[in-house]
>>> print(open('protein-v4.txt').read())   # compact mmCIF, C-alpha atoms
# COMPACT_ATOMS: atom_id res chain seq x y z
CA MET C 26 61.33 112.76 113.20
CA ARG C 27 57.92 113.30 111.70
CA ASP C 28 55.87 110.16 111.18
CA ASN C 29 54.12 109.85 107.81
CA GLY C 30 52.52 106.47 108.27
CA ARG C 31 55.47 104.14 107.79
CA VAL C 32 57.68 106.81 106.23
CA THR C 33 59.64 109.33 108.27
CA SER C 34 61.09 112.70 107.33
CA ALA C 35 63.92 114.22 109.34
CA THR C 36 62.68 117.80 109.10
CA ARG C 37 63.68 120.46 111.59
CA GLN C 38 61.30 123.19 112.70
CA PRO C 39 60.73 125.56 111.06
CA GLU C 40 60.43 123.70 107.79
CA THR C 41 63.42 123.78 105.45
CA ALA C 42 63.25 125.40 102.01
CA ALA C 43 63.36 121.95 100.44
CA GLU C 44 60.26 120.90 102.35
CA THR C 45 58.31 123.95 101.20
CA LEU C 46 59.39 123.83 97.54
CA PRO C 47 57.42 121.48 95.27
CA PRO C 48 59.68 118.75 93.85
CA ARG C 49 60.68 119.02 90.20
CA LEU C 50 62.84 115.92 89.90
CA ILE C 51 62.96 112.47 91.48
CA ALA C 52 66.34 110.73 91.42
CA THR C 53 66.24 107.07 92.35
CA ASP C 54 68.79 104.33 92.58
CA LEU C 55 67.75 100.96 91.14
CA ASP C 56 69.15 97.85 92.85
CA GLY C 57 68.02 97.63 96.45
CA THR C 58 65.94 100.79 96.00
CA LEU C 59 63.46 100.98 93.11
CA LEU C 60 63.87 97.34 92.10
CA ARG C 61 62.70 94.48 94.25
CA ASP C 62 65.22 91.79 95.11
CA ASP C 63 64.06 89.74 92.09
CA LYS C 64 65.00 92.78 89.92
CA SER C 65 61.37 93.49 89.02
CA VAL C 66 59.54 96.83 89.15
CA SER C 67 56.28 96.37 91.01
CA PRO C 68 52.99 97.54 89.45
CA ARG C 69 52.59 100.04 92.28
CA THR C 70 56.02 101.53 91.52
CA VAL C 71 55.32 101.68 87.78
CA ALA C 72 52.08 103.56 88.50
CA ALA C 73 53.82 105.96 90.90
CA LEU C 74 56.56 106.80 88.39
CA ALA C 75 53.98 107.42 85.66
CA ALA C 76 51.93 109.62 87.99
CA ALA C 77 54.99 111.69 88.90
CA GLU C 78 55.83 112.30 85.24
CA GLU C 79 52.18 113.14 84.54
CA ALA C 80 52.36 115.73 87.32
CA GLY C 81 55.36 117.35 85.64
CA ILE C 82 58.05 115.85 87.89
CA GLU C 83 61.02 114.43 85.97
CA VAL C 84 62.27 111.00 86.98
CA PHE C 85 65.94 110.08 86.69
CA PHE C 86 67.22 106.56 87.25
CA VAL C 87 70.64 107.01 88.89
CA THR C 88 72.57 103.77 89.14
CA GLY C 89 75.93 102.06 89.25
CA ARG C 90 74.75 99.78 86.44
CA PRO C 91 76.23 100.08 82.96
CA ALA C 92 73.93 101.13 80.13
CA ARG C 93 73.62 97.58 78.83
CA TRP C 94 72.03 96.53 82.13
CA MET C 95 69.22 99.08 81.92
CA ASP C 96 66.73 96.75 80.24
CA VAL C 97 65.07 96.24 83.64
CA VAL C 98 63.63 99.75 83.48
CA SER C 99 63.62 100.56 79.75
CA ASP C 100 59.92 99.73 79.57
CA HIS C 101 59.13 102.16 82.38
CA VAL C 102 60.67 105.39 81.09
CA HIS C 103 58.43 108.35 80.48
CA GLY C 104 59.14 111.88 79.28
CA HIS C 105 62.84 112.39 78.54
CA GLY C 106 63.87 108.83 79.46
CA LEU C 107 67.36 109.71 80.65
CA ALA C 108 69.38 107.68 83.14
CA ILE C 109 72.65 108.30 84.93
CA CYS C 110 74.73 105.11 84.74
CA GLY C 111 78.07 103.91 86.05
CA ASN C 112 77.82 105.98 89.26
CA GLY C 113 77.76 109.20 87.25
CA ALA C 114 80.19 108.21 84.49
CA ALA C 115 77.52 108.37 81.77
CA VAL C 116 74.15 109.91 80.99
CA VAL C 117 72.17 107.59 78.73
CA ASP C 118 69.00 108.03 76.65
CA LEU C 119 66.92 104.88 77.16
CA HIS C 120 64.35 105.61 74.47
CA GLY C 121 66.08 103.39 71.92
CA GLY C 122 65.20 100.32 73.93
CA PRO C 123 67.39 97.31 74.76
CA GLY C 124 70.68 97.36 72.90
CA ALA C 125 70.06 100.80 71.38
CA HIS C 126 70.83 103.14 74.26
CA ARG C 127 72.49 106.42 73.28
CA PHE C 128 75.23 108.04 75.35
CA VAL C 129 74.36 111.69 75.96
CA LYS C 130 77.27 112.53 78.28
CA VAL C 131 80.43 110.59 79.22
CA ARG C 132 82.67 111.45 82.17
CA GLU C 133 85.51 109.05 81.65
CA LEU C 134 88.27 107.81 83.91
CA ALA C 135 91.58 108.84 82.30
CA ARG C 136 93.76 105.82 81.60
CA GLU C 137 96.69 107.34 83.46
CA ASN C 138 94.52 107.70 86.56
CA ALA C 139 93.10 104.22 86.09
CA LEU C 140 96.58 102.68 85.87
CA ASP C 141 97.66 104.60 88.98
CA ALA C 142 94.59 103.38 90.88
CA VAL C 143 95.21 99.76 89.86
CA ARG C 144 98.86 99.95 90.93
CA LEU C 145 98.22 101.74 94.22
CA LEU C 146 95.46 99.35 95.27
CA ARG C 147 97.46 96.26 94.25
CA ASP C 148 100.24 97.46 96.54
CA ALA C 149 97.86 98.25 99.41
CA ALA C 150 95.72 95.11 99.11
CA PRO C 151 97.58 92.19 97.51
CA GLY C 152 95.15 89.75 95.95
CA THR C 153 92.92 92.45 94.43
CA VAL C 154 91.63 91.54 90.96
CA TYR C 155 90.12 93.90 88.39
CA ALA C 156 87.62 94.38 85.61
CA VAL C 157 87.45 97.36 83.24
CA GLU C 158 84.09 98.86 82.29
CA GLN C 159 84.00 100.93 79.09
CA THR C 160 81.14 102.55 77.19
CA TYR C 161 80.51 99.34 75.27
CA GLY C 162 83.25 96.90 76.28
CA PHE C 163 83.84 94.88 79.43
CA TYR C 164 87.20 93.28 80.18
CA GLN C 165 88.36 91.35 83.22
CA GLU C 166 91.38 89.64 84.65
CA PRO C 167 91.45 85.81 84.60
CA ALA C 168 91.09 85.62 88.40
CA TYR C 169 88.18 88.07 88.55
CA PRO C 170 85.11 86.11 89.72
CA LYS C 171 82.03 85.68 87.56
CA LEU C 172 79.99 88.25 89.43
CA HIS C 173 77.93 89.29 86.43
CA MET C 174 75.76 87.35 84.00
CA GLU C 175 77.84 88.25 80.99
CA THR C 176 80.90 87.13 79.05
CA PRO C 177 83.84 89.56 79.05
CA ASP C 178 85.26 90.75 75.74
CA SER C 179 88.63 89.35 76.79
CA LEU C 180 90.59 88.06 79.78
CA ALA C 181 93.75 90.06 80.43
CA PRO C 182 95.57 91.95 83.21
CA ALA C 183 94.08 95.37 83.84
CA GLU C 184 97.40 97.03 83.01
CA GLU C 185 97.26 95.46 79.54
CA VAL C 186 93.64 96.48 78.93
CA LEU C 187 94.41 100.05 80.01
CA GLY C 188 97.62 100.25 77.99
CA PRO C 189 97.95 102.18 74.70
CA GLY C 190 98.30 99.06 72.57
CA HIS C 191 95.06 97.36 73.59
CA ARG C 192 92.27 97.01 71.03
CA ALA C 193 89.92 99.10 73.19
CA ALA C 194 92.39 101.95 73.71
CA ALA C 195 90.21 104.45 71.85
CA GLU C 196 87.07 103.66 73.88
CA PRO C 197 86.39 105.68 77.06
CA VAL C 198 86.86 103.94 80.41
CA LEU C 199 83.86 104.52 82.67
CA LYS C 200 85.07 102.73 85.79
CA ILE C 201 87.34 100.05 87.20
CA LEU C 202 85.90 97.25 89.32
CA ALA C 203 88.18 95.96 92.07
CA TYR C 204 87.39 92.75 93.95
CA HIS C 205 89.07 91.19 96.98
CA PRO C 206 88.11 87.70 98.16
CA GLU C 207 88.91 88.20 101.85
CA ILE C 208 88.72 91.80 103.07
CA ASP C 209 85.57 93.17 104.73
CA PRO C 210 83.70 95.36 102.19
CA ASP C 211 83.67 98.54 104.27
CA ALA C 212 87.30 98.06 105.32
CA PHE C 213 88.25 97.55 101.67
CA LEU C 214 86.51 100.80 100.73
CA THR C 215 88.35 102.75 103.42
CA LEU C 216 91.69 101.20 102.49
CA ALA C 217 91.19 101.95 98.78
CA ARG C 218 90.23 105.58 99.35
CA LEU C 219 93.35 106.11 101.44
CA ALA C 220 95.59 104.33 98.94
CA ILE C 221 94.25 105.96 95.78
CA GLY C 222 93.69 109.45 97.16
CA ASP C 223 92.66 112.05 94.61
CA ARG C 224 93.66 109.97 91.58
CA ALA C 225 90.12 108.58 91.34
CA GLY C 226 86.79 108.35 93.15
CA VAL C 227 86.08 105.09 94.96
CA THR C 228 82.74 103.75 96.18
CA ARG C 229 80.79 100.52 96.45
CA SER C 230 77.26 99.22 95.92
CA SER C 231 77.73 95.47 96.30
CA PRO C 232 77.40 93.49 99.55
CA SER C 233 80.72 91.82 98.66
CA ALA C 234 84.18 93.44 98.67
CA LEU C 235 83.68 94.88 95.19
CA LEU C 236 84.72 98.49 94.67
CA GLU C 237 83.83 100.86 91.82
CA ILE C 238 86.55 103.31 90.79
CA SER C 239 85.60 106.37 88.70
CA GLY C 240 87.21 109.59 87.54
CA PRO C 241 88.09 112.23 90.16
CA GLY C 242 84.95 114.08 91.18
CA VAL C 243 82.67 111.73 89.26
CA SER C 244 79.72 110.53 91.34
CA LYS C 245 75.98 110.15 91.12
CA ALA C 246 75.67 113.52 92.85
CA SER C 247 78.01 115.51 90.61
CA THR C 248 76.47 114.23 87.37
CA LEU C 249 72.95 114.70 88.72
CA ALA C 250 73.90 118.27 89.64
CA LEU C 251 75.05 118.89 86.05
CA CYS C 252 71.81 117.50 84.65
CA CYS C 253 69.74 119.60 87.03
CA ALA C 254 71.69 122.77 86.23
CA GLU C 255 70.95 122.23 82.53
CA ARG C 256 67.24 122.16 83.42
CA GLY C 257 67.25 125.08 85.85
CA ILE C 258 66.45 122.75 88.76
CA SER C 259 67.97 123.50 92.16
CA HIS C 260 69.05 120.81 94.59
CA GLU C 261 66.23 121.88 96.92
CA GLN C 262 63.77 120.73 94.24
CA VAL C 263 65.23 117.21 94.04
CA VAL C 264 63.98 114.16 95.95
CA ALA C 265 66.46 111.27 96.01
CA PHE C 266 66.35 107.62 97.08
CA GLY C 267 69.16 105.14 97.78
CA ASP C 268 70.44 102.25 99.83
CA MET C 269 74.24 101.85 99.48
CA PRO C 270 77.44 103.91 99.93
CA ASN C 271 77.49 104.95 96.26
CA ASP C 272 74.26 106.87 97.00
CA VAL C 273 75.58 108.88 99.94
CA GLU C 274 76.74 111.97 98.00
CA MET C 275 73.48 112.11 96.05
CA LEU C 276 71.36 111.84 99.19
CA THR C 277 73.41 114.53 100.90
CA TRP C 278 73.13 116.86 97.90
CA ALA C 279 69.38 116.51 97.29
CA GLY C 280 66.96 118.80 99.10
CA ARG C 281 64.97 115.79 100.31
CA SER C 282 66.36 112.29 100.47
CA TYR C 283 65.21 108.90 101.67
CA ALA C 284 67.17 105.89 102.84
CA MET C 285 65.46 102.60 102.16
CA GLY C 286 64.47 100.35 105.04
CA ASN C 287 67.21 97.96 103.88
CA ALA C 288 69.87 100.70 103.59
CA HIS C 289 73.52 100.66 104.68
CA PRO C 290 74.15 102.59 107.94
CA ASP C 291 76.09 105.31 106.10
CA VAL C 292 73.08 105.91 103.86
CA ILE C 293 70.73 106.19 106.81
CA ALA C 294 73.05 108.79 108.33
CA ALA C 295 73.23 110.78 105.07
CA ALA C 296 69.53 110.89 104.19
CA SER C 297 67.05 113.40 105.55
CA GLY C 298 64.33 110.76 105.85
CA ARG C 299 63.61 107.03 105.70
CA THR C 300 61.12 104.89 103.88
CA VAL C 301 60.38 101.16 103.95
CA ALA C 302 62.42 98.52 102.13
CA ASN C 303 62.66 98.03 98.39
CA ASN C 304 60.53 94.87 98.57
CA GLU C 305 57.78 96.92 100.23
CA ASP C 306 57.65 99.61 97.50
CA GLY C 307 59.36 102.26 99.62
CA VAL C 308 59.96 104.60 96.67
CA ALA C 309 56.35 104.38 95.48
CA ILE C 310 55.03 105.16 98.96
CA VAL C 311 57.00 108.41 99.16
CA ILE C 312 56.05 109.45 95.61
CA GLU C 313 52.38 108.87 96.40
CA GLN C 314 52.69 111.05 99.49
CA LEU C 315 54.51 113.81 97.57
CA LEU C 316 51.77 113.87 94.94
CA ALA C 317 49.04 113.89 97.57
CA GLU C 318 50.66 116.93 99.23
CA ARG C 319 50.74 118.98 96.01
CA PRO C 320 48.28 121.91 95.95
>>> encode(input="protein-v4.txt", output="structure tokens")
Amino acid sequence: MRDNGRVTSATRQPETAAETLPPRLIATDLDGTLLRDDKSVSPRTVAALAAAEEAGIEVFFVTGRPARWMDVVSDHVHGHGLAICGNGAAVVDLHGGPGAHRFVKVRELARENALDAVRLLRDAAPGTVYAVEQTYGFYQEPAYPKLHMETPDSLAPAEEVLGPGHRAAAEPVLKILAYHPEIDPDAFLTLARLAIGDRAGVTRSSPSALLEISGPGVSKASTLALCCAERGISHEQVVAFGDMPNDVEMLTWAGRSYAMGNAHPDVIAAASGRTVANNEDGVAIVIEQLLAERP
């Protein structure tokens, strides 16, 4: 490990191609990563993001949040202002401001796959309750806990919401949320991946036993790769930051990646480097160092 003050980079000798290439894109998770625990963006982080964009480095917010929860960073977008939401299920233009976000790309979860995932996980983990996240709608089962500061569009079984006769049948499904009140979060993730198989992608970003179920092959990494390909940016030119299992694929894919000081053990294992915790401006510290190293 090479010590950069309080930030480390797991670089082998000789230096990798990613270490020698100047970064062209920064991809950062939000909760537990860019945002402090009070959901604020520190002045130091705001300045670092602006400096990166000024230096010609694109910044992508890559999050499990739905588009309607992006108000926390809408005031801090520069340049293109795009964000990857729903763990890769949507690319959103934030320039419209709160309530006016535009969907640029949608990678939906087919209803047949969603229904299969709900059924398979109900069988494997009795007591699981669900919510359905769509491009604009949010529906949950009556027993689903109030984990979010919002009112669902309706209370109904997931099978009903996902059925052809429901009022939201024409709207794309971005992901299914599955909650269990008793199972250990990591054990629940393992169980769900085994039960659902290739019918859907399963991950988690919450400290509770709350899983996020997306379309097969949909992840932060795969959607980020599509966005980079459209811009002629290779993975070696990407620097990524994250803290939870839903960041693992992105951190593995990026040429340089940093696990936050508060990161899950799987994230630490996946990243090529580490920075300090989100409350200590870990993302800003790395960006400042990257800019200082530029010729």
>>> residues_around(input="protein-v4.txt", residues="stretch 222-225 of chain C", least_positions_apart="4", cutoff="6 Å", atoms="only C-alpha atoms", output="tab-separated table (two decimals) with C-alpha atoms, keeping the file's coordinate frame")
chain	number	residue	atom	x	y	z
C	138	ASN	CA	94.52	107.70	86.56
C	218	ARG	CA	90.23	105.58	99.35
C	239	SER	CA	85.60	106.37	88.70
C	240	GLY	CA	87.21	109.59	87.54
C	241	PRO	CA	88.09	112.23	90.16
>>> residues_around(input="protein-v4.txt", residues="C:Pro151", least_positions_apart="6", cutoff="12 Å", atoms="all atoms listed in the file", output="PyMOL selection string")
chain C and resi 143-145+203-208+213+216-217
>>> residues_near_point(input="protein-v4.txt", point="(68.9, 100.5, 92.2)", cutoff="10 Å", atoms="only C-alpha atoms", output="ChimeraX atom specification")
/C:53-62,64,86-90,230,266-269,272,303
>>> atom_distance(input="protein-v4.txt", atom1="atom CA of C:Cys110", atom2="atom CA of C:Pro91")
5.5 Å
>>> closest_residue(input="protein-v4.txt", among="C:Gly298, C:Gly257, C:Gly81, C:Pro232", to="C:Ser282", atoms="all atoms listed in the file")
C:Gly298
>>> atom_distance(input="protein-v4.txt", atom1="atom CA of C:His126", atom2="atom CA of C:Glu274")
26.0 Å
>>> atom_distance(input="protein-v4.txt", atom1="atom CA of C:Arg299", atom2="atom CA of C:Met275")
14.7 Å
>>> residues_around(input="protein-v4.txt", residues="C:Lys200", least_positions_apart="6", cutoff="8 Å", atoms="only C-alpha atoms", output="VMD selection string")
chain C and resid 111 114 133 to 134 157 to 159 237 to 240
>>> write_last_selection(input="protein-v4.txt", atoms="C-alpha atoms", output="tab-separated table (two decimals), in the frame of the given file")
chain	number	residue	atom	x	y	z
C	111	GLY	CA	78.07	103.91	86.05
C	114	ALA	CA	80.19	108.21	84.49
C	133	GLU	CA	85.51	109.05	81.65
C	134	LEU	CA	88.27	107.81	83.91
C	157	VAL	CA	87.45	97.36	83.24
C	158	GLU	CA	84.09	98.86	82.29
C	159	GLN	CA	84.00	100.93	79.09
C	237	GLU	CA	83.83	100.86	91.82
C	238	ILE	CA	86.55	103.31	90.79
C	239	SER	CA	85.60	106.37	88.70
C	240	GLY	CA	87.21	109.59	87.54
>>> residues_near_point(input="protein-v4.txt", point="(57.1, 100.6, 94.6)", cutoff="7 Å", atoms="only C-alpha atoms", output="PyMOL selection string")
chain C and resi 59+67+69-70+305-310
